[in-house]
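First comes the structure, then the notes that go with it.
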Amino acid sequence: KGTTKSCKSSLIHKDFKGIKPLIIKWNEYAYRSANEIIDWENKNITIETEGLANISKFRRLIKYKVFIHLPINVRSQLLFYYYYYLRLGFLDGEKGRLFLFLQTYWYRYLIDAYLLEYEYHNKK
């Protein structure tokens, strides 16, 4: 729906707010992601792929059919190795490695922490 336009040059997003706003934002995203997983596991939502590009459909299905069923420590490690080695993240230097570590380990563990907290409070 609607119209799209193409840019003739690259768009570079330079966000210089610092690490504190990033961590606050990721905390909110982690909480929402954990709740989405909980809703899916409780059959309150279904996996929608209608209208998504093929790669987005693939990623969403991998997330819900494979990724969330892996052990907690394996999920983060697989993501780090995928982005660092297969997607050539090591070329981004020390800053890139630090960002990737925070995104794949810290952020993913935060999601898992919210999931474990939910399990702890909702044991039957």
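As shown in the structure tokens, the chain order sets the letters A, B, ...; within each chain, residues go from 1, and ligands are also counted from 1 in the order they appear.
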
Write out as a tab-separated table (two decimals) with all heavy atoms, in the first residue's frame each polymer residue whose atoms come within 12 Å of Leu98 of chain A, counting only C-alpha atoms; drop sequence neighbours fewer than 5 positions from it.
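Contents of the output file around_8.tsv:
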```tsv
chain	number	residue	atom	x	y	z
A	19	ILE	N	25.86	5.12	24.95
A	19	ILE	CA	25.47	3.75	25.27
A	19	ILE	C	24.27	3.67	26.21
A	19	ILE	O	23.47	2.74	26.12
A	19	ILE	CB	26.66	2.95	25.83
A	19	ILE	CG1	26.33	1.48	25.81
A	19	ILE	CG2	27.04	3.42	27.22
A	19	ILE	CD1	27.51	0.59	25.73
A	80	PHE	N	26.45	-14.80	17.77
A	80	PHE	CA	27.74	-14.12	17.73
A	80	PHE	C	28.61	-14.69	16.62
A	80	PHE	O	29.17	-13.94	15.81
A	80	PHE	CB	28.47	-14.21	19.07
A	80	PHE	CG	29.77	-13.47	19.06
A	80	PHE	CD1	29.79	-12.10	19.29
A	80	PHE	CD2	30.96	-14.11	18.80
A	80	PHE	CE1	30.99	-11.39	19.28
A	80	PHE	CE2	32.17	-13.43	18.78
A	80	PHE	CZ	32.18	-12.06	19.02
A	84	TYR	N	29.82	-12.53	13.55
A	84	TYR	CA	31.25	-12.19	13.62
A	84	TYR	C	32.06	-12.87	12.53
A	84	TYR	O	32.93	-12.23	11.92
A	84	TYR	CB	31.81	-12.56	15.00
A	84	TYR	CG	33.15	-11.95	15.28
A	84	TYR	CD1	33.27	-10.59	15.54
A	84	TYR	CD2	34.31	-12.72	15.32
A	84	TYR	CE1	34.50	-10.01	15.81
A	84	TYR	CE2	35.54	-12.16	15.59
A	84	TYR	CZ	35.63	-10.80	15.84
A	84	TYR	OH	36.84	-10.22	16.10
A	89	GLY	N	31.82	-9.77	10.64
A	89	GLY	CA	31.80	-8.75	11.67
A	89	GLY	C	33.17	-8.41	12.22
A	89	GLY	O	33.39	-7.30	12.72
A	90	PHE	N	34.11	-9.33	12.10
A	90	PHE	CA	35.47	-9.06	12.59
A	90	PHE	C	36.13	-7.92	11.84
A	90	PHE	O	37.08	-7.31	12.33
A	90	PHE	CB	36.34	-10.33	12.52
A	90	PHE	CG	36.49	-10.89	11.14
A	90	PHE	CD1	37.47	-10.43	10.29
A	90	PHE	CD2	35.62	-11.90	10.71
A	90	PHE	CE1	37.61	-10.96	9.01
A	90	PHE	CE2	35.76	-12.43	9.43
A	90	PHE	CZ	36.75	-11.95	8.58
A	92	ASP	N	34.86	-5.08	11.47
A	92	ASP	CA	34.41	-3.83	12.08
A	92	ASP	C	35.29	-3.36	13.22
A	92	ASP	O	35.01	-2.33	13.84
A	92	ASP	CB	32.96	-3.97	12.56
A	92	ASP	CG	31.99	-4.13	11.42
A	92	ASP	OD1	32.27	-3.61	10.32
A	92	ASP	OD2	30.95	-4.79	11.62
A	93	GLY	N	36.33	-4.11	13.54
A	93	GLY	CA	37.28	-3.68	14.56
A	93	GLY	C	36.75	-3.86	15.97
A	93	GLY	O	35.75	-4.53	16.22
A	103	GLN	N	24.96	-6.85	21.53
A	103	GLN	CA	23.74	-7.21	20.81
A	103	GLN	C	23.45	-8.71	20.86
A	103	GLN	O	22.30	-9.11	21.01
A	103	GLN	CB	23.83	-6.75	19.37
A	103	GLN	CG	22.53	-6.92	18.60
A	103	GLN	CD	22.67	-6.48	17.17
A	103	GLN	OE1	23.63	-6.83	16.50
A	103	GLN	NE2	21.70	-5.73	16.70
A	104	THR	N	24.48	-9.54	20.72
A	104	THR	CA	24.23	-10.97	20.65
A	104	THR	C	24.26	-11.66	22.01
A	104	THR	O	23.54	-12.63	22.20
A	104	THR	CB	25.23	-11.68	19.71
A	104	THR	OG1	26.56	-11.42	20.16
A	104	THR	CG2	25.05	-11.21	18.30
A	105	TYR	N	25.09	-11.21	22.90
A	105	TYR	CA	25.15	-11.85	24.22
A	105	TYR	C	24.27	-11.13	25.23
A	105	TYR	O	23.32	-11.68	25.75
A	105	TYR	CB	26.59	-11.94	24.74
A	105	TYR	CG	27.37	-13.05	24.11
A	105	TYR	CD1	28.29	-12.80	23.10
A	105	TYR	CD2	27.20	-14.36	24.52
A	105	TYR	CE1	29.01	-13.82	22.52
A	105	TYR	CE2	27.91	-15.39	23.95
A	105	TYR	CZ	28.82	-15.12	22.95
A	105	TYR	OH	29.52	-16.13	22.38
A	106	TRP	N	24.59	-9.88	25.52
A	106	TRP	CA	23.87	-9.17	26.59
A	106	TRP	C	22.38	-9.05	26.28
A	106	TRP	O	21.54	-9.40	27.12
A	106	TRP	CB	24.49	-7.78	26.81
A	106	TRP	CG	23.79	-7.02	27.89
A	106	TRP	CD1	23.98	-7.15	29.23
A	106	TRP	CD2	22.75	-6.06	27.72
A	106	TRP	NE1	23.14	-6.30	29.90
A	106	TRP	CE2	22.37	-5.63	29.00
A	106	TRP	CE3	22.11	-5.52	26.61
A	106	TRP	CZ2	21.37	-4.70	29.20
A	106	TRP	CZ3	21.12	-4.58	26.81
A	106	TRP	CH2	20.77	-4.18	28.11
```

- [ ] With a distance cut-off of 9 Å and only C-alpha atoms, select the neighbouring residues of Thr49 of chain A, excluding the residue or stretch itself and same-chain residues fewer than 6 positions from it, and output the selection as a list in words.
- [x] Ser56, Lys57, Phe58, Arg60 and Leu61 of chain A
